[in-house]
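Input: a single structure, listed below in structure tokens.
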Protein chains: 2
Amino acid sequence: MAEAITARSEDFSKWYIDIVRKAKLADYSPVRGSMIIRPNGYAIWENMQSELDRMFKETGHENAYFPLLIPESFLAREAAHVEGFAKECAIVTHSRLQVNEAGNGVEPAPDSRLEENLVIRPTSETIIWDSFSNWIQSWRDLPILLNQWGNVVRWEMRTRLFLRTSEFLWQEGHTAHATREEAVAETKQMLDVYATFAEEYMALPVIKGVKTPSERFAGAVDTYCIEALMQDGKALQAGTSHFLGQNFAKAFDCQFQNKNNELEYVWATSWGVSTRLVGALVMAHSDDQGLVVPPRLAPTQVVIVPIYRSEEDRQNVLTRSTEIKESLGSAGVRVKLDDREQYRPGWKFNEYELQGVPLRIAIGPRDLANNSVELARRDTRDKSVVSLDGITELIVGELETMQTRMFESAVSFRTSMTSDANDQAEFVDILESRGGFIRAHWDGTDETEALVKEQTGATIRCVPIGEPMEEGVDPFSGKPSAQKVIYAKAY
Amino acid sequence: MAEAITARSEDFSKWYIDIVRKAKLADYSPVRGSMIIRPNGYAIWENMQSELDRMFKETGHENAYFPLLIPESFLAREAAHVEGFAKECAIVTHSRLQVNEAGNGVEPAPDSRLEENLVIRPTSETIIWDSFSNWIQSWRDLPILLNQWGNVVRWEMRTRLFLRTSEFLWQEGHTAHATREEAVAETKQMLDVYATFAEEYMALPVIKGVKTPSERFAGAVDTYCIEALMQDGKALQAGTSHFLGQNFAKAFDCQFQNKNNELEYVWATSWGVSTRLVGALVMAHSDDQGLVVPPRLAPTQVVIVPIYRSEEDRQNVLTRSTEIKESLGSAGVRVKLDDREQYRPGWKFNEYELQGVPLRIAIGPRDLANNSVELARRDTRDKSVVSLDGITELIVGELETMQTRMFESAVSFRTSMTSDANDQAEFVDILESRGGFIRAHWDGTDETEALVKEQTGATIRCVPIGEPMEEGVDPFSGKPSAQKVIYAKAY
């Protein structure tokens, strides 16, 4: 129950895990590094998928599915790519189990050793560009705009439910274009789609930017990202969109005949978001009472809890509750009537608070007599008595208001947690006293970036897009800088 | 184009592969046994998923996600289960690649050898029942009604696109119950869901039945199935629903306290359908001109092809085409207007015929003058001139009619291909002359079942549900039989 949740102020990490486990979003699995996504967590992911999938299709993308298993030699084709992913691969070497000699277990049958080892995809650029090289001959075959929903595995030593797991669910977009300009435009378009999704659905304001060279995706020319701020003042990368140049086309010999009948390498992008977003949602909005979910992504938006003692009251309350439920359902609201007899109303109140249902309606005989119900808002935890007349319109409006209120509250928090630092002492002081985003000059070198990380623990989250150029001095190296970048400690 | 498709009468297998590849449903992958599902094929699977997911949720199930990788020792816990699945496993033994000694490739790093090997799930009973044993203590925790959408790997030597691949996409339902009766009822309910889906959406009549002991799922007490007939007279198992008894509860020590405060093992079911259904759809309905898809599952239900020469005609035709498109879209029809300039109308006609779009509207200046369009039906290949007045209602009605017509046509075909065989000669004659379903007596022994398979190539598809018991004599063993069963050669 709610009283068992660790307070944020006491231990933010423990608070986070408490919410994830007690709201039954996810659970640990017996396989180190893997997690079990329980129905409450999966339903949030399904709502995310549904909106993202619609946005991808509206921007012209189609879904496809490529193999889970990739020949190890494919990974090695693109030099930076193998460097980035070889260290964290699940490698399949055999295709059959047999009973072991002791007869008490199983082991891989030696004669089932594969001719070439297979790697469980950590990402699918290689296997997809192998296909693209078969499918693309002419400019007429371009662009190809694909997306894939699936699972990937990247062996992780230090894992945390949703935020970092060896296996995770995600979508990966892969597109092929005739020109650099078109590919860059696609990269930016998908970054905008992610930012819109984060802000309009997750109620999570994000900074759009470009990663520094050291933080680029392995094989990318440029990695664009959206960065969000969690309640503990740490940043979380919520999505990335990569301009891959011609790197994968060259690695997989994918050329096309352009309109001038010349052979040219194809231009590429890839972009992805993952179940990590569920973790971001928890850390951005929840409180010490449990999960808080923005209405647009909430699996259940409204729960109705009937209250009664006598059989006569039961009939009346349930009849009216069902009417409210049906009216809300017709208006497109995801509503649930919890008429279970084995749980008391107080228990249900706690349960739905813990699980983050945005609105709770409590209805008893006295409410019926007054033609009203009690409405409780999960985000503010305000309660009020509202008339049954026009309640459907009121609820629909309140869900939208709550969505906006949650976004505005997250924006205010981020504003209050974004600081400029002009010298090292100020930088360190901000970082240690309250964290958040720090805007500071950077001289553009890997060396200074690494130095700051080592000395302070903060990393450059991104070079923000659309901010004015502003000459200055790097507070760590003393060298000149052309623009401020965004630093933070990060997940 | 269409002329390159092998005729069904010439080589059914080649015809099937031609359709799958030329209609761009799927392609071979560089990983033996795996396939690439292209957008045209994936869109059909998405429509299947969407309807099935709705039906699962309407029957009270929730989606969840369990790990891809399962400790090899888990598989060995249930004796029949490991026997059934150990022979076709992808086994993960290492977690890191390193550059090989020759420096020309990569290899698993020896020091990344896993302590316990992991198997890519061939099915998830073991990992799910491990969790259930943590989640279930009391009858109050039951039932648990879960479904998972995901990928599985079963190493296959002889593969065929969609029908049999090492990796495939599917859903697997897993439920836990307090009583045998409830679990059996769930098993049958999900079989009914599958049968309804096959008949109402895939336009594919199915026989519901029970598998013989030798064909049971590894670890099941009873395996229920739906069996469909393909155009070459071979049967295809389209879905299975398993009553697992207490086998997995015992293997994973999952007990609960019942209402009498006694400890009891939990009762289980599991059930699944896969991307194999896309292959079934192709083999049941398509023709020598290409794919035929029932309207309810067709990614595009109606395509509009504008025809014009002059710029003035172009404007008029496109304006009217857009109006038709918008009207159909508003009526909930999945409609596409193909106004691409680089392809001629004749090319488009062929393309959409090949890809199985149910209805094609062709509209040119003469049609406009007559206030009509040409409507072509993919299933019958009939063409007719229809008035533009009320065209939206006509199209909506025609899509429903086509759905019914395709189902009825498949029922007629199956009826004509279902025979009773009373002796061996008749059995073999039917099987070799035209195939199809054969109703014949069976003495109930594994020996006779194996003998018939060896002698004729036919297998018992199922003991049909709801057919009258009818005493007789097994035509192969001469022993008494209580009921006729359904034999066929099968995929």
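By order of appearance in the structure tokens: chains A, B, ..., then residues from 1 within every chain, and ligands from 1 in the order shown.
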
Tell me the residues of chain A close to chain B, meaning within 6 Å using only C-alpha atoms, as a PDB file with C-alpha atoms, in the first residue's frame.
ATOM      1  CA  ILE A  36       8.867  -8.470 -16.693  1.00  0.00           C
ATOM      2  CA  ILE A  37       6.492  -5.775 -17.884  1.00  0.00           C
ATOM      3  CA  ARG A  38       3.249  -6.357 -16.007  1.00  0.00           C
ATOM      4  CA  PRO A  39      -0.188  -5.425 -17.384  1.00  0.00           C
ATOM      5  CA  TYR A  42       2.403  -2.671 -20.590  1.00  0.00           C
ATOM      6  CA  GLU A  62       5.167   1.807 -42.937  1.00  0.00           C
ATOM      7  CA  ASN A  63       5.869  -0.980 -40.443  1.00  0.00           C
ATOM      8  CA  ALA A  64       7.978  -4.010 -41.314  1.00  0.00           C
ATOM      9  CA  TYR A  65       9.808  -6.742 -39.447  1.00  0.00           C
ATOM     10  CA  PHE A  66      13.422  -7.893 -39.829  1.00  0.00           C
ATOM     11  CA  ALA A  86      30.287  -5.616 -29.782  1.00  0.00           C
ATOM     12  CA  LYS A  87      30.818  -5.094 -26.077  1.00  0.00           C
ATOM     13  CA  GLU A  88      27.245  -5.791 -25.123  1.00  0.00           C
ATOM     14  CA  CYS A  89      25.959  -8.604 -27.335  1.00  0.00           C
ATOM     15  CA  ALA A  90      24.037 -11.782 -26.674  1.00  0.00           C
ATOM     16  CA  ILE A  91      25.707 -14.369 -28.911  1.00  0.00           C
ATOM     17  CA  VAL A  92      23.932 -17.490 -30.171  1.00  0.00           C
ATOM     18  CA  HIS A  94      24.315 -23.546 -30.738  1.00  0.00           C
ATOM     19  CA  SER A  95      20.931 -24.738 -31.963  1.00  0.00           C
ATOM     20  CA  ARG A  96      20.122 -27.745 -29.785  1.00  0.00           C
ATOM     21  CA  LEU A  97      20.100 -28.771 -26.122  1.00  0.00           C
TER      22      LEU A  97
END

ask   = Per DSSP on the backbone, what are the strand (DSSP E) residues of segment 310-396 of chain B, as number ranges by chain?
value = B: 335-337, 359-363, 372-377, 383-387

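Coordinates place atom CA of Glu215 of chain A at a distance of 19.2 Å from atom CA of Asp474 of chain A.
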
Enumerate the residues of segment 21-226 of chain B with a DSSP assignment of alpha helix (DSSP H), computed from the backbone, and present them as an MDAnalysis selection string.
chainID B and resid 21:22 39:58 72:75 79:85 125:135 180:200

Produce a file of the selected residues containing C-alpha atoms, as a PDB file, in the first residue's frame.
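Once everything was written out, this is again_13.pdb:
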ATOM      1  CA  ARG B  21       7.506 -12.451 -52.930  1.00  0.00           C
ATOM      2  CA  LYS B  22       5.918 -10.616 -55.863  1.00  0.00           C
ATOM      3  CA  PRO B  39       5.222  -3.650 -45.290  1.00  0.00           C
ATOM      4  CA  ASN B  40       2.494  -5.319 -47.403  1.00  0.00           C
ATOM      5  CA  GLY B  41       2.700  -8.487 -45.317  1.00  0.00           C
ATOM      6  CA  TYR B  42       3.153  -6.714 -42.012  1.00  0.00           C
ATOM      7  CA  ALA B  43       0.065  -4.563 -42.632  1.00  0.00           C
ATOM      8  CA  ILE B  44      -2.058  -7.721 -42.931  1.00  0.00           C
ATOM      9  CA  TRP B  45      -0.534  -9.039 -39.691  1.00  0.00           C
ATOM     10  CA  GLU B  46      -1.263  -5.685 -37.994  1.00  0.00           C
ATOM     11  CA  ASN B  47      -4.920  -5.946 -39.010  1.00  0.00           C
ATOM     12  CA  MET B  48      -5.036  -9.496 -37.664  1.00  0.00           C
ATOM     13  CA  GLN B  49      -3.395  -8.339 -34.431  1.00  0.00           C
ATOM     14  CA  SER B  50      -5.809  -5.477 -34.025  1.00  0.00           C
ATOM     15  CA  GLU B  51      -8.921  -7.695 -34.266  1.00  0.00           C
ATOM     16  CA  LEU B  52      -7.482 -10.501 -32.139  1.00  0.00           C
ATOM     17  CA  ASP B  53      -6.267  -8.070 -29.499  1.00  0.00           C
ATOM     18  CA  ARG B  54      -9.755  -6.580 -29.282  1.00  0.00           C
ATOM     19  CA  MET B  55     -11.268 -10.062 -28.914  1.00  0.00           C
ATOM     20  CA  PHE B  56      -8.750 -11.004 -26.205  1.00  0.00           C
ATOM     21  CA  LYS B  57      -9.503  -7.838 -24.240  1.00  0.00           C
ATOM     22  CA  GLU B  58     -13.249  -8.344 -24.618  1.00  0.00           C
ATOM     23  CA  GLU B  72      18.235 -23.461 -19.934  1.00  0.00           C
ATOM     24  CA  SER B  73      17.464 -25.095 -16.585  1.00  0.00           C
ATOM     25  CA  PHE B  74      13.894 -23.688 -16.724  1.00  0.00           C
ATOM     26  CA  LEU B  75      13.177 -25.577 -19.924  1.00  0.00           C
ATOM     27  CA  ALA B  79       9.802 -33.319 -18.600  1.00  0.00           C
ATOM     28  CA  ALA B  80       7.565 -33.423 -21.678  1.00  0.00           C
ATOM     29  CA  HIS B  81       8.246 -29.755 -22.385  1.00  0.00           C
ATOM     30  CA  VAL B  82      12.035 -30.056 -22.653  1.00  0.00           C
ATOM     31  CA  GLU B  83      11.605 -33.217 -24.725  1.00  0.00           C
ATOM     32  CA  GLY B  84       9.480 -31.233 -27.178  1.00  0.00           C
ATOM     33  CA  PHE B  85      11.520 -28.049 -27.422  1.00  0.00           C
ATOM     34  CA  GLU B 125       5.281 -21.301 -20.303  1.00  0.00           C
ATOM     35  CA  THR B 126       8.391 -21.801 -18.149  1.00  0.00           C
ATOM     36  CA  ILE B 127       9.370 -18.169 -17.612  1.00  0.00           C
ATOM     37  CA  ILE B 128       5.746 -17.159 -17.059  1.00  0.00           C
ATOM     38  CA  TRP B 129       4.997 -19.912 -14.536  1.00  0.00           C
ATOM     39  CA  ASP B 130       8.119 -18.933 -12.649  1.00  0.00           C
ATOM     40  CA  SER B 131       6.513 -15.478 -12.213  1.00  0.00           C
ATOM     41  CA  PHE B 132       3.065 -16.879 -11.515  1.00  0.00           C
ATOM     42  CA  SER B 133       4.573 -18.835  -8.610  1.00  0.00           C
ATOM     43  CA  ASN B 134       5.670 -15.477  -7.137  1.00  0.00           C
ATOM     44  CA  TRP B 135       2.381 -13.723  -7.789  1.00  0.00           C
ATOM     45  CA  ARG B 180      -9.932 -27.558 -13.606  1.00  0.00           C
ATOM     46  CA  GLU B 181     -13.408 -26.666 -14.899  1.00  0.00           C
ATOM     47  CA  GLU B 182     -12.536 -23.003 -15.229  1.00  0.00           C
ATOM     48  CA  ALA B 183      -9.276 -23.767 -17.063  1.00  0.00           C
ATOM     49  CA  VAL B 184     -11.004 -26.160 -19.464  1.00  0.00           C
ATOM     50  CA  ALA B 185     -13.700 -23.530 -20.117  1.00  0.00           C
ATOM     51  CA  GLU B 186     -10.982 -20.943 -20.852  1.00  0.00           C
ATOM     52  CA  THR B 187      -9.223 -23.340 -23.255  1.00  0.00           C
ATOM     53  CA  LYS B 188     -12.463 -23.854 -25.165  1.00  0.00           C
ATOM     54  CA  GLN B 189     -13.381 -20.175 -25.077  1.00  0.00           C
ATOM     55  CA  MET B 190     -10.097 -19.214 -26.738  1.00  0.00           C
ATOM     56  CA  LEU B 191     -10.538 -21.934 -29.341  1.00  0.00           C
ATOM     57  CA  ASP B 192     -13.893 -20.344 -30.125  1.00  0.00           C
ATOM     58  CA  VAL B 193     -12.269 -16.903 -30.354  1.00  0.00           C
ATOM     59  CA  TYR B 194      -9.777 -18.278 -32.884  1.00  0.00           C
ATOM     60  CA  ALA B 195     -12.505 -20.008 -34.892  1.00  0.00           C
ATOM     61  CA  THR B 196     -14.600 -16.836 -34.967  1.00  0.00           C
ATOM     62  CA  PHE B 197     -11.594 -14.804 -36.069  1.00  0.00           C
ATOM     63  CA  ALA B 198     -10.699 -17.290 -38.823  1.00  0.00           C
ATOM     64  CA  GLU B 199     -14.224 -17.451 -40.174  1.00  0.00           C
ATOM     65  CA  GLU B 200     -15.365 -13.849 -39.783  1.00  0.00           C
TER      66      GLU B 200
END

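Taking only C-alpha atoms, the non-local environment of Val302 of chain A within 8 Å (same-chain residues fewer than 2 positions away omitted) comprises Thr300, Ile304, Val333, Arg334, Val335, Lys336, Val357, Pro358, Leu359, Arg360 and Ile361 of chain A.
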
Dump C-alpha atoms for the selected residues as a CSV table (one decimal), in the first residue's frame?
chain,number,residue,atom,x,y,z
A,300,THR,CA,-7.9,3.9,-17.1
A,304,ILE,CA,-15.9,4.9,-10.3
A,333,VAL,CA,-13.3,8.2,-21.9
A,334,ARG,CA,-11.5,5.1,-20.7
A,335,VAL,CA,-13.6,4.4,-17.6
A,336,LYS,CA,-13.8,1.6,-15.1
A,357,VAL,CA,-5.7,6.8,-12.3
A,358,PRO,CA,-6.3,10.5,-13.1
A,359,LEU,CA,-9.8,10.9,-11.8
A,360,ARG,CA,-11.7,9.0,-9.2
A,361,ILE,CA,-15.5,9.3,-8.7

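You will find atom CA of Asp222 of chain B at 12.7 Å from atom CA of Trp267 of chain B.
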
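Rounded to one decimal, atom CA of Thr456 of chain B and atom CA of Thr240 of chain B lie 24.7 Å from each other.
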
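Closest to Ala369 of chain B among B:Ala284, B:Trp170, B:Met417, B:Ser387 is B:Ser387, based on only C-alpha atoms.
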
Do you know which residues are at most 6 Å from Gly209 of chain A counting only C-alpha atoms, after dropping those on the same chain fewer than 3 positions away, and could you put them as a VMD selection string? chain A and resid 224 to 225 462 to 465

Neighbour list for Trp15 of chain A as a CSV table (one decimal) with C-alpha atoms, in the first residue's frame, cut-off 8 Å, only C-alpha atoms, skip fewer than 3 positions in-chain:
chain,number,residue,atom,x,y,z
A,5,ILE,CA,6.5,3.8,-0.6
A,6,THR,CA,9.9,5.4,0.2
A,7,ALA,CA,9.7,9.2,0.1
A,8,ARG,CA,11.4,11.0,-2.8
A,11,ASP,CA,15.9,8.1,-1.5
A,12,PHE,CA,14.8,8.9,-5.0
A,18,ASP,CA,8.9,1.2,-5.1
A,19,ILE,CA,6.5,2.9,-7.5
A,288,ASP,CA,5.1,9.9,-2.6

Could you pull the residues within 12 Å of Ser412 of chain A, counting only C-alpha atoms, minus those fewer than 5 positions along the same chain, as a ChimeraX atom specification?
/A:204-205,229,231,405-407,417-418

TODO: Name the residues in contact with Ala228 of chain A at a cut-off of 12 Å, using only C-alpha atoms, excluding same-chain residues fewer than 4 positions from it; report them as a PyMOL selection string.
DONE: chain A and resi 194-195+198-199+202-209+232-239+277+279-281+283-285+410-411+413-415+417-418+436-437+461-462+486-491

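Closest approach to Gly472 of chain B from the set B:Thr380, B:Gln257, B:Ser124, B:Asn422 is made by B:Asn422, with distances taken over only C-alpha atoms.
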